[in-house]
>>> print(open('query-v4.txt').read())   # compact mmCIF, N, CA and C atoms
# COMPACT_ATOMS: atom_id res chain seq x y z
N MET A 17 -4.04 12.57 12.59
CA MET A 17 -3.48 13.42 11.55
C MET A 17 -3.76 12.81 10.19
N ALA A 18 -4.32 13.56 9.30
CA ALA A 18 -4.60 13.09 7.95
C ALA A 18 -3.33 13.15 7.10
N SER A 19 -3.31 12.33 6.07
CA SER A 19 -2.18 12.34 5.14
C SER A 19 -2.32 13.50 4.16
N THR A 20 -1.19 13.98 3.67
CA THR A 20 -1.21 15.09 2.73
C THR A 20 -1.32 14.61 1.29
N LYS A 21 -1.88 15.45 0.47
CA LYS A 21 -1.97 15.15 -0.97
C LYS A 21 -0.57 15.09 -1.57
N GLU A 22 0.36 15.87 -1.03
CA GLU A 22 1.74 15.86 -1.52
C GLU A 22 2.39 14.50 -1.29
N TYR A 23 2.14 13.89 -0.12
CA TYR A 23 2.71 12.57 0.14
C TYR A 23 2.07 11.53 -0.76
N LEU A 24 0.76 11.62 -0.97
CA LEU A 24 0.08 10.72 -1.90
C LEU A 24 0.72 10.84 -3.28
N ASP A 25 0.91 12.06 -3.76
CA ASP A 25 1.50 12.26 -5.09
C ASP A 25 2.91 11.66 -5.16
N PHE A 26 3.68 11.80 -4.09
CA PHE A 26 5.03 11.22 -4.04
C PHE A 26 4.96 9.71 -4.15
N VAL A 27 4.09 9.08 -3.37
CA VAL A 27 3.97 7.61 -3.40
C VAL A 27 3.50 7.15 -4.78
N LEU A 28 2.51 7.82 -5.34
CA LEU A 28 2.02 7.44 -6.68
C LEU A 28 3.12 7.58 -7.72
N ASP A 29 3.93 8.60 -7.60
CA ASP A 29 5.06 8.77 -8.52
C ASP A 29 6.05 7.61 -8.36
N GLN A 30 6.32 7.22 -7.13
CA GLN A 30 7.24 6.11 -6.87
C GLN A 30 6.68 4.80 -7.42
N LEU A 31 5.36 4.67 -7.49
CA LEU A 31 4.70 3.45 -7.98
C LEU A 31 4.40 3.52 -9.49
N SER A 32 4.86 4.57 -10.14
CA SER A 32 4.50 4.80 -11.54
C SER A 32 5.05 3.76 -12.51
N GLU A 33 5.97 2.92 -12.07
CA GLU A 33 6.49 1.85 -12.93
C GLU A 33 5.48 0.71 -13.08
N LEU A 34 4.45 0.71 -12.23
CA LEU A 34 3.42 -0.33 -12.25
C LEU A 34 2.20 0.15 -13.03
N ASP A 35 1.61 -0.75 -13.79
CA ASP A 35 0.34 -0.46 -14.44
C ASP A 35 -0.79 -0.70 -13.44
N GLU A 36 -1.89 -0.05 -13.65
CA GLU A 36 -3.11 -0.27 -12.88
C GLU A 36 -2.97 0.05 -11.39
N ILE A 37 -2.28 1.14 -11.07
CA ILE A 37 -2.26 1.66 -9.71
C ILE A 37 -3.36 2.71 -9.61
N SER A 38 -4.17 2.60 -8.58
CA SER A 38 -5.20 3.60 -8.35
C SER A 38 -5.32 3.83 -6.86
N TYR A 39 -6.11 4.81 -6.49
CA TYR A 39 -6.29 5.10 -5.08
C TYR A 39 -7.69 5.61 -4.84
N ARG A 40 -8.08 5.58 -3.57
CA ARG A 40 -9.37 6.13 -3.16
C ARG A 40 -9.17 6.85 -1.85
N ALA A 41 -9.64 8.08 -1.78
CA ALA A 41 -9.57 8.84 -0.53
C ALA A 41 -10.62 8.30 0.43
N MET A 42 -10.22 8.17 1.69
CA MET A 42 -11.14 7.69 2.70
C MET A 42 -10.80 8.33 4.04
N MET A 43 -11.63 9.23 4.48
CA MET A 43 -11.51 9.87 5.79
C MET A 43 -10.11 10.47 6.03
N GLY A 44 -9.61 11.19 5.06
CA GLY A 44 -8.33 11.87 5.20
C GLY A 44 -7.12 11.00 4.91
N GLU A 45 -7.35 9.76 4.56
CA GLU A 45 -6.27 8.83 4.22
C GLU A 45 -6.52 8.31 2.81
N TYR A 46 -5.63 7.45 2.31
CA TYR A 46 -5.75 6.96 0.94
C TYR A 46 -5.52 5.46 0.87
N ILE A 47 -6.44 4.75 0.23
CA ILE A 47 -6.28 3.32 0.00
C ILE A 47 -5.63 3.16 -1.38
N ILE A 48 -4.60 2.32 -1.44
CA ILE A 48 -3.87 2.10 -2.70
C ILE A 48 -4.29 0.74 -3.27
N TYR A 49 -4.69 0.76 -4.53
CA TYR A 49 -5.09 -0.46 -5.24
C TYR A 49 -4.05 -0.80 -6.29
N TYR A 50 -3.79 -2.09 -6.43
CA TYR A 50 -2.94 -2.58 -7.51
C TYR A 50 -3.73 -3.63 -8.28
N ARG A 51 -3.98 -3.34 -9.53
CA ARG A 51 -4.75 -4.22 -10.41
C ARG A 51 -6.08 -4.61 -9.76
N GLY A 52 -6.72 -3.64 -9.14
CA GLY A 52 -8.05 -3.84 -8.59
C GLY A 52 -8.11 -4.41 -7.18
N LYS A 53 -6.97 -4.76 -6.60
CA LYS A 53 -6.94 -5.30 -5.25
C LYS A 53 -6.29 -4.28 -4.30
N ILE A 54 -6.75 -4.27 -3.06
CA ILE A 54 -6.16 -3.37 -2.07
C ILE A 54 -4.79 -3.91 -1.68
N ALA A 55 -3.76 -3.12 -1.97
CA ALA A 55 -2.38 -3.51 -1.64
C ALA A 55 -1.94 -2.87 -0.34
N GLY A 56 -2.49 -1.72 -0.03
CA GLY A 56 -2.09 -1.00 1.17
C GLY A 56 -2.74 0.35 1.22
N GLY A 57 -2.05 1.28 1.85
CA GLY A 57 -2.61 2.61 1.94
C GLY A 57 -1.62 3.60 2.52
N ILE A 58 -2.04 4.83 2.51
CA ILE A 58 -1.25 5.91 3.10
C ILE A 58 -2.02 6.39 4.33
N TYR A 59 -1.38 6.24 5.46
CA TYR A 59 -1.99 6.59 6.74
C TYR A 59 -1.00 7.44 7.52
N ASP A 60 -1.41 8.63 7.91
CA ASP A 60 -0.53 9.55 8.65
C ASP A 60 0.81 9.73 7.94
N ASN A 61 0.75 9.90 6.62
CA ASN A 61 1.95 10.06 5.78
C ASN A 61 2.94 8.91 5.93
N ARG A 62 2.39 7.71 6.07
CA ARG A 62 3.20 6.48 6.06
C ARG A 62 2.60 5.57 4.99
N PHE A 63 3.45 4.93 4.19
CA PHE A 63 2.97 3.96 3.21
C PHE A 63 3.02 2.58 3.87
N LEU A 64 1.84 2.01 4.09
CA LEU A 64 1.71 0.69 4.71
C LEU A 64 1.12 -0.27 3.68
N VAL A 65 1.59 -1.52 3.73
CA VAL A 65 1.04 -2.54 2.83
C VAL A 65 0.47 -3.69 3.66
N LYS A 66 -0.40 -4.47 3.01
CA LYS A 66 -1.02 -5.62 3.66
C LYS A 66 0.06 -6.57 4.17
N ASP A 67 -0.22 -7.19 5.30
CA ASP A 67 0.71 -8.14 5.91
C ASP A 67 0.48 -9.52 5.28
N VAL A 68 1.12 -9.74 4.13
CA VAL A 68 1.05 -11.03 3.45
C VAL A 68 2.46 -11.61 3.39
N LYS A 69 2.54 -12.92 3.17
CA LYS A 69 3.82 -13.62 3.20
C LYS A 69 4.86 -13.00 2.26
N ALA A 70 4.46 -12.68 1.05
CA ALA A 70 5.40 -12.11 0.08
C ALA A 70 5.98 -10.79 0.57
N ALA A 71 5.16 -9.97 1.20
CA ALA A 71 5.64 -8.68 1.72
C ALA A 71 6.61 -8.90 2.87
N ARG A 72 6.31 -9.86 3.74
CA ARG A 72 7.22 -10.16 4.86
C ARG A 72 8.55 -10.69 4.35
N GLU A 73 8.51 -11.49 3.27
CA GLU A 73 9.75 -12.02 2.70
C GLU A 73 10.60 -10.91 2.07
N LYS A 74 9.95 -9.95 1.43
CA LYS A 74 10.68 -8.83 0.80
C LYS A 74 11.18 -7.82 1.82
N MET A 75 10.48 -7.74 2.97
CA MET A 75 10.83 -6.76 4.00
C MET A 75 10.86 -7.45 5.36
N PRO A 76 11.83 -8.33 5.59
CA PRO A 76 11.84 -9.11 6.84
C PRO A 76 11.98 -8.27 8.10
N ASP A 77 12.52 -7.07 8.00
CA ASP A 77 12.70 -6.22 9.18
C ASP A 77 11.63 -5.13 9.31
N ALA A 78 10.62 -5.18 8.46
CA ALA A 78 9.58 -4.15 8.50
C ALA A 78 8.78 -4.23 9.79
N SER A 79 8.41 -3.08 10.30
CA SER A 79 7.60 -3.07 11.52
C SER A 79 6.13 -3.16 11.18
N LEU A 80 5.39 -3.84 12.05
CA LEU A 80 3.93 -3.92 11.93
C LEU A 80 3.34 -2.72 12.65
N GLU A 81 2.49 -1.98 11.95
CA GLU A 81 1.93 -0.77 12.53
C GLU A 81 0.43 -0.70 12.27
N LEU A 82 -0.27 -0.05 13.17
CA LEU A 82 -1.70 0.17 13.00
C LEU A 82 -1.94 1.35 12.06
N PRO A 83 -2.71 1.15 11.00
CA PRO A 83 -3.03 2.29 10.14
C PRO A 83 -3.95 3.28 10.86
N TYR A 84 -4.87 2.74 11.66
CA TYR A 84 -5.79 3.54 12.47
C TYR A 84 -6.34 2.64 13.56
N GLU A 85 -6.90 3.23 14.58
CA GLU A 85 -7.41 2.48 15.74
C GLU A 85 -8.45 1.46 15.30
N GLY A 86 -8.27 0.22 15.74
CA GLY A 86 -9.22 -0.84 15.45
C GLY A 86 -8.95 -1.61 14.16
N ALA A 87 -7.94 -1.23 13.41
CA ALA A 87 -7.61 -1.90 12.14
C ALA A 87 -6.60 -3.02 12.38
N LYS A 88 -6.45 -3.88 11.37
CA LYS A 88 -5.40 -4.89 11.40
C LYS A 88 -4.06 -4.20 11.15
N LYS A 89 -3.02 -4.73 11.78
CA LYS A 89 -1.68 -4.17 11.57
C LYS A 89 -1.23 -4.41 10.14
N MET A 90 -0.44 -3.46 9.65
CA MET A 90 0.11 -3.53 8.30
C MET A 90 1.61 -3.29 8.37
N LEU A 91 2.31 -3.64 7.30
CA LEU A 91 3.76 -3.49 7.25
C LEU A 91 4.15 -2.09 6.75
N LEU A 92 5.05 -1.44 7.47
CA LEU A 92 5.56 -0.13 7.08
C LEU A 92 6.62 -0.32 6.00
N VAL A 93 6.46 0.38 4.88
CA VAL A 93 7.42 0.31 3.79
C VAL A 93 8.51 1.36 4.03
N ASP A 94 9.73 0.88 4.25
CA ASP A 94 10.85 1.78 4.47
C ASP A 94 11.54 2.17 3.16
N GLY A 95 11.54 1.30 2.17
CA GLY A 95 12.25 1.55 0.91
C GLY A 95 11.45 2.35 -0.08
N ILE A 96 10.75 3.36 0.39
CA ILE A 96 9.84 4.12 -0.46
C ILE A 96 10.57 4.88 -1.57
N GLU A 97 11.85 5.14 -1.42
CA GLU A 97 12.59 5.88 -2.45
C GLU A 97 13.03 4.98 -3.61
N ASP A 98 12.95 3.67 -3.44
CA ASP A 98 13.44 2.71 -4.43
C ASP A 98 12.29 2.19 -5.29
N ARG A 99 12.14 2.77 -6.48
CA ARG A 99 11.03 2.39 -7.38
C ARG A 99 11.07 0.92 -7.77
N GLU A 100 12.24 0.39 -8.08
CA GLU A 100 12.35 -1.01 -8.48
C GLU A 100 11.92 -1.94 -7.34
N PHE A 101 12.32 -1.60 -6.11
CA PHE A 101 11.91 -2.39 -4.95
C PHE A 101 10.39 -2.36 -4.80
N LEU A 102 9.79 -1.18 -4.93
CA LEU A 102 8.33 -1.07 -4.79
C LEU A 102 7.60 -1.86 -5.86
N LYS A 103 8.12 -1.80 -7.07
CA LYS A 103 7.51 -2.55 -8.17
C LYS A 103 7.55 -4.05 -7.86
N GLY A 104 8.72 -4.54 -7.46
CA GLY A 104 8.86 -5.96 -7.13
C GLY A 104 8.01 -6.35 -5.93
N LEU A 105 7.90 -5.46 -4.96
CA LEU A 105 7.10 -5.74 -3.77
C LEU A 105 5.63 -5.94 -4.13
N LEU A 106 5.05 -5.01 -4.84
CA LEU A 106 3.63 -5.13 -5.17
C LEU A 106 3.36 -6.28 -6.14
N GLU A 107 4.27 -6.50 -7.08
CA GLU A 107 4.10 -7.64 -7.99
C GLU A 107 4.13 -8.96 -7.22
N ALA A 108 5.05 -9.08 -6.25
CA ALA A 108 5.15 -10.31 -5.45
C ALA A 108 3.91 -10.50 -4.58
N MET A 109 3.34 -9.41 -4.10
CA MET A 109 2.19 -9.48 -3.21
C MET A 109 0.89 -9.81 -3.93
N TYR A 110 0.77 -9.48 -5.20
CA TYR A 110 -0.51 -9.48 -5.90
C TYR A 110 -1.33 -10.76 -5.72
N ASP A 111 -0.73 -11.91 -5.95
CA ASP A 111 -1.49 -13.17 -5.88
C ASP A 111 -1.96 -13.49 -4.46
N GLN A 112 -1.34 -12.90 -3.47
CA GLN A 112 -1.71 -13.16 -2.08
C GLN A 112 -2.71 -12.15 -1.52
N LEU A 113 -3.01 -11.13 -2.29
CA LEU A 113 -3.98 -10.12 -1.85
C LEU A 113 -5.40 -10.64 -2.05
N PRO A 114 -6.27 -10.38 -1.07
CA PRO A 114 -7.67 -10.84 -1.23
C PRO A 114 -8.40 -10.06 -2.31
N GLU A 115 -9.35 -10.72 -2.91
CA GLU A 115 -10.22 -10.04 -3.89
C GLU A 115 -11.03 -9.00 -3.15
N VAL A 116 -11.31 -7.90 -3.81
CA VAL A 116 -12.13 -6.85 -3.21
C VAL A 116 -13.56 -7.33 -3.16
N LYS A 117 -14.18 -7.17 -2.00
CA LYS A 117 -15.58 -7.58 -1.84
C LYS A 117 -16.49 -6.57 -2.55
N LYS A 118 -17.44 -7.10 -3.27
CA LYS A 118 -18.39 -6.25 -3.98
C LYS A 118 -19.42 -5.70 -3.00
N ARG A 119 -19.74 -4.43 -3.16
CA ARG A 119 -20.78 -3.81 -2.31
C ARG A 119 -22.15 -4.27 -2.76
N LYS A 120 -23.04 -4.38 -1.80
CA LYS A 120 -24.42 -4.80 -2.13
C LYS A 120 -25.22 -3.62 -2.60
>>> encode(input="query-v4.txt", output="structure tokens")
Amino acid sequence: MASTKEYLDFVLDQLSELDEISYRAMMGEYIIYYRGKIAGGIYDNRFLVKDVKAAREKMPDASLELPYEGAKKMLLVDGIEDREFLKGLLEAMYDQLPEVKKRK
């Protein structure tokens, strides 16, 4: 099941307190970037973030879920309605996110 544009718009609105949020559509899903790094994505109308230490500390009870078959598990964000929580989550994660690999 692909994610809806309406859910993408909702998530982007919830992340609007952050500067430099962008996204890229990919095969019916959406990759979310924060300050040029991949922070997570929207998969099957679920907002998932990279499984990094800062995210686990902010969401100790979050479930690890597969965004799609064959991918690494990511953390499901339950507090999607809380803008301040989301802002703090992505800010805490930023330094632990890998740099985006440049295409050849």
>>> residues_around(input="query-v4.txt", residues="A:Tyr110", least_positions_apart="3", cutoff="8 Å", atoms="only N, CA and C atoms", output="ChimeraX atom specification")
/A:50-51,53,55,70-71,104-107,113-114
>>> axis_aligned_box(input="query-v4.txt", around="stretch 54-72 of chain A", padding_each_side="3 Å", output="JSON")
{"center_x": 0.9, "center_y": -1.8, "center_z": 2.8, "size_x": 21.3, "size_y": 29.7, "size_z": 17.7}
>>> atom_distance(input="query-v4.txt", atom1="atom C of A:Leu91", atom2="atom CA of A:Lys69")
12.1 Å
>>> select_by_dssp(input="query-v4.txt", residues="chain A", states="strand (DSSP E)", output="CSV table (one decimal) with N, CA and C atoms, in the coordinates of the input")
chain,number,residue,atom,x,y,z
A,37,ILE,N,-2.3,1.1,-11.1
A,37,ILE,CA,-2.3,1.7,-9.7
A,37,ILE,C,-3.4,2.7,-9.6
A,38,SER,N,-4.2,2.6,-8.6
A,38,SER,CA,-5.2,3.6,-8.4
A,38,SER,C,-5.3,3.8,-6.9
A,39,TYR,N,-6.1,4.8,-6.5
A,39,TYR,CA,-6.3,5.1,-5.1
A,39,TYR,C,-7.7,5.6,-4.8
A,40,ARG,N,-8.1,5.6,-3.6
A,40,ARG,CA,-9.4,6.1,-3.2
A,40,ARG,C,-9.2,6.8,-1.8
A,41,ALA,N,-9.6,8.1,-1.8
A,41,ALA,CA,-9.6,8.8,-0.5
A,41,ALA,C,-10.6,8.3,0.4
A,42,MET,N,-10.2,8.2,1.7
A,42,MET,CA,-11.1,7.7,2.7
A,42,MET,C,-10.8,8.3,4.0
A,45,GLU,N,-7.4,9.8,4.6
A,45,GLU,CA,-6.3,8.8,4.2
A,45,GLU,C,-6.5,8.3,2.8
A,46,TYR,N,-5.6,7.4,2.3
A,46,TYR,CA,-5.8,7.0,0.9
A,46,TYR,C,-5.5,5.5,0.9
A,47,ILE,N,-6.4,4.8,0.2
A,47,ILE,CA,-6.3,3.3,0.0
A,47,ILE,C,-5.6,3.2,-1.4
A,48,ILE,N,-4.6,2.3,-1.4
A,48,ILE,CA,-3.9,2.1,-2.7
A,48,ILE,C,-4.3,0.7,-3.3
A,49,TYR,N,-4.7,0.8,-4.5
A,49,TYR,CA,-5.1,-0.5,-5.2
A,49,TYR,C,-4.0,-0.8,-6.3
A,50,TYR,N,-3.8,-2.1,-6.4
A,50,TYR,CA,-2.9,-2.6,-7.5
A,50,TYR,C,-3.7,-3.6,-8.3
A,53,LYS,N,-7.0,-4.8,-6.6
A,53,LYS,CA,-6.9,-5.3,-5.2
A,53,LYS,C,-6.3,-4.3,-4.3
A,54,ILE,N,-6.8,-4.3,-3.1
A,54,ILE,CA,-6.2,-3.4,-2.1
A,54,ILE,C,-4.8,-3.9,-1.7
A,55,ALA,N,-3.8,-3.1,-2.0
A,55,ALA,CA,-2.4,-3.5,-1.6
A,55,ALA,C,-1.9,-2.9,-0.3
A,56,GLY,N,-2.5,-1.7,0.0
A,56,GLY,CA,-2.1,-1.0,1.2
A,56,GLY,C,-2.7,0.4,1.2
A,57,GLY,N,-2.0,1.3,1.8
A,57,GLY,CA,-2.6,2.6,1.9
A,57,GLY,C,-1.6,3.6,2.5
A,58,ILE,N,-2.0,4.8,2.5
A,58,ILE,CA,-1.2,5.9,3.1
A,58,ILE,C,-2.0,6.4,4.3
A,59,TYR,N,-1.4,6.2,5.5
A,59,TYR,CA,-2.0,6.6,6.7
A,59,TYR,C,-1.0,7.4,7.5
A,62,ARG,N,2.4,7.7,6.1
A,62,ARG,CA,3.2,6.5,6.1
A,62,ARG,C,2.6,5.6,5.0
A,63,PHE,N,3.4,4.9,4.2
A,63,PHE,CA,3.0,4.0,3.2
A,63,PHE,C,3.0,2.6,3.9
A,64,LEU,N,1.8,2.0,4.1
A,64,LEU,CA,1.7,0.7,4.7
A,64,LEU,C,1.1,-0.3,3.7
A,65,VAL,N,1.6,-1.5,3.7
A,65,VAL,CA,1.0,-2.5,2.8
A,65,VAL,C,0.5,-3.7,3.7
A,80,LEU,N,5.4,-3.8,12.0
A,80,LEU,CA,3.9,-3.9,11.9
A,80,LEU,C,3.3,-2.7,12.6
A,81,GLU,N,2.5,-2.0,12.0
A,81,GLU,CA,1.9,-0.8,12.5
A,81,GLU,C,0.4,-0.7,12.3
A,90,MET,N,-0.4,-3.5,9.6
A,90,MET,CA,0.1,-3.5,8.3
A,90,MET,C,1.6,-3.3,8.4
A,91,LEU,N,2.3,-3.6,7.3
A,91,LEU,CA,3.8,-3.5,7.2
A,91,LEU,C,4.2,-2.1,6.8
A,92,LEU,N,5.0,-1.4,7.5
A,92,LEU,CA,5.6,-0.1,7.1
A,92,LEU,C,6.6,-0.3,6.0
>>> residues_around(input="query-v4.txt", residues="stretch 20-31 of chain A", least_positions_apart="5", cutoff="8 Å", atoms="all atoms listed in the file", output="PyMOL selection string")
chain A and resi 37+44-46+58-63+96-100+102-103
>>> select_by_dssp(input="query-v4.txt", residues="chain A", states="alpha helix (DSSP H)", output="VMD selection string")
chain A and resid 21 to 30 69 to 74 99 to 109
>>> residues_around(input="query-v4.txt", residues="A:Ile47", least_positions_apart="5", cutoff="6.5 Å", atoms="all atoms listed in the file", output="PyMOL selection string")
chain A and resi 38-42+56-58
>>> residues_near_point(input="query-v4.txt", point="(-3.5, -5.4, 8.4)", cutoff="7 Å", atoms="only N, CA and C atoms", output="number ranges by chain")
A: 65-67, 87-91
>>> atom_distance(input="query-v4.txt", atom1="atom C of A:Met43", atom2="atom N of A:Leu92")
19.3 Å
>>> atom_distance(input="query-v4.txt", atom1="atom CA of A:Glu36", atom2="atom CA of A:Lys117")
18.2 Å
>>> closest_residue(input="query-v4.txt", among="A:Val116, A:Val93, A:Ile54, A:Leu34", to="A:Ser79", atoms="all atoms listed in the file")
A:Val93
>>> decode(input="query-v4.txt", residues="stretch 24-82 of chain A", atoms="C-alpha atoms", output="mmCIF file, in the first residue's frame")
data_model
loop_
_atom_site.group_PDB
_atom_site.id
_atom_site.type_symbol
_atom_site.label_atom_id
_atom_site.label_comp_id
_atom_site.auth_asym_id
_atom_site.auth_seq_id
_atom_site.Cartn_x
_atom_site.Cartn_y
_atom_site.Cartn_z
ATOM 1 C CA LEU A 24 2.654 13.403 3.775
ATOM 2 C CA ASP A 25 1.138 16.891 4.045
ATOM 3 C CA PHE A 26 0.090 16.171 7.652
ATOM 4 C CA VAL A 27 3.592 15.012 8.629
ATOM 5 C CA LEU A 28 5.232 17.979 6.891
ATOM 6 C CA ASP A 29 2.871 20.322 8.721
ATOM 7 C CA GLN A 30 3.785 18.666 12.032
ATOM 8 C CA LEU A 31 7.499 19.153 11.173
ATOM 9 C CA SER A 32 7.013 22.783 10.127
ATOM 10 C CA GLU A 33 8.749 24.070 13.286
ATOM 11 C CA LEU A 34 12.033 22.782 11.810
ATOM 12 C CA ASP A 35 14.035 24.542 9.122
ATOM 13 C CA GLU A 36 15.348 22.597 6.151
ATOM 14 C CA ILE A 37 12.775 19.794 6.044
ATOM 15 C CA SER A 38 12.386 18.315 2.592
ATOM 16 C CA TYR A 39 11.131 15.117 1.052
ATOM 17 C CA ARG A 40 11.496 12.967 -2.021
ATOM 18 C CA ALA A 41 8.865 10.653 -3.461
ATOM 19 C CA MET A 42 10.122 7.142 -4.058
ATOM 20 C CA MET A 43 7.956 4.289 -5.343
ATOM 21 C CA GLY A 44 4.758 5.491 -3.670
ATOM 22 C CA GLU A 45 6.468 6.369 -0.395
ATOM 23 C CA TYR A 46 8.321 9.460 0.845
ATOM 24 C CA ILE A 47 11.836 9.915 2.213
ATOM 25 C CA ILE A 48 12.097 12.734 4.775
ATOM 26 C CA TYR A 49 15.287 14.800 4.918
ATOM 27 C CA TYR A 50 16.376 17.067 7.748
ATOM 28 C CA ARG A 51 19.142 19.519 6.898
ATOM 29 C CA GLY A 52 20.179 17.360 3.960
ATOM 30 C CA LYS A 53 20.334 14.040 5.824
ATOM 31 C CA ILE A 54 17.795 11.221 5.650
ATOM 32 C CA ALA A 55 15.958 11.250 8.986
ATOM 33 C CA GLY A 56 13.227 8.787 8.082
ATOM 34 C CA GLY A 57 10.292 8.370 5.819
ATOM 35 C CA ILE A 58 6.621 7.767 5.347
ATOM 36 C CA TYR A 59 5.834 4.157 4.547
ATOM 37 C CA ASP A 60 2.275 2.793 4.368
ATOM 38 C CA ASN A 61 1.060 5.979 6.088
ATOM 39 C CA ARG A 62 3.438 5.457 9.015
ATOM 40 C CA PHE A 63 6.144 7.956 9.976
ATOM 41 C CA LEU A 64 9.323 5.963 10.642
ATOM 42 C CA VAL A 65 12.706 7.364 11.643
ATOM 43 C CA LYS A 66 16.223 5.950 11.496
ATOM 44 C CA ASP A 67 17.148 3.663 14.379
ATOM 45 C CA VAL A 68 19.825 5.807 16.032
ATOM 46 C CA LYS A 69 20.684 6.103 19.727
ATOM 47 C CA ALA A 70 19.103 9.549 20.154
ATOM 48 C CA ALA A 71 15.802 8.345 18.680
ATOM 49 C CA ARG A 72 15.769 5.273 20.941
ATOM 50 C CA GLU A 73 16.432 7.508 23.964
ATOM 51 C CA LYS A 74 13.560 9.855 23.024
ATOM 52 C CA MET A 75 11.205 6.950 22.243
ATOM 53 C CA PRO A 76 12.251 4.012 24.458
ATOM 54 C CA ASP A 77 8.988 2.132 23.827
ATOM 55 C CA ALA A 78 8.893 2.654 20.056
ATOM 56 C CA SER A 79 8.481 -0.455 17.954
ATOM 57 C CA LEU A 80 10.983 -1.405 15.266
ATOM 58 C CA GLU A 81 9.209 -1.892 11.958
ATOM 59 C CA LEU A 82 10.151 -2.696 8.388
#
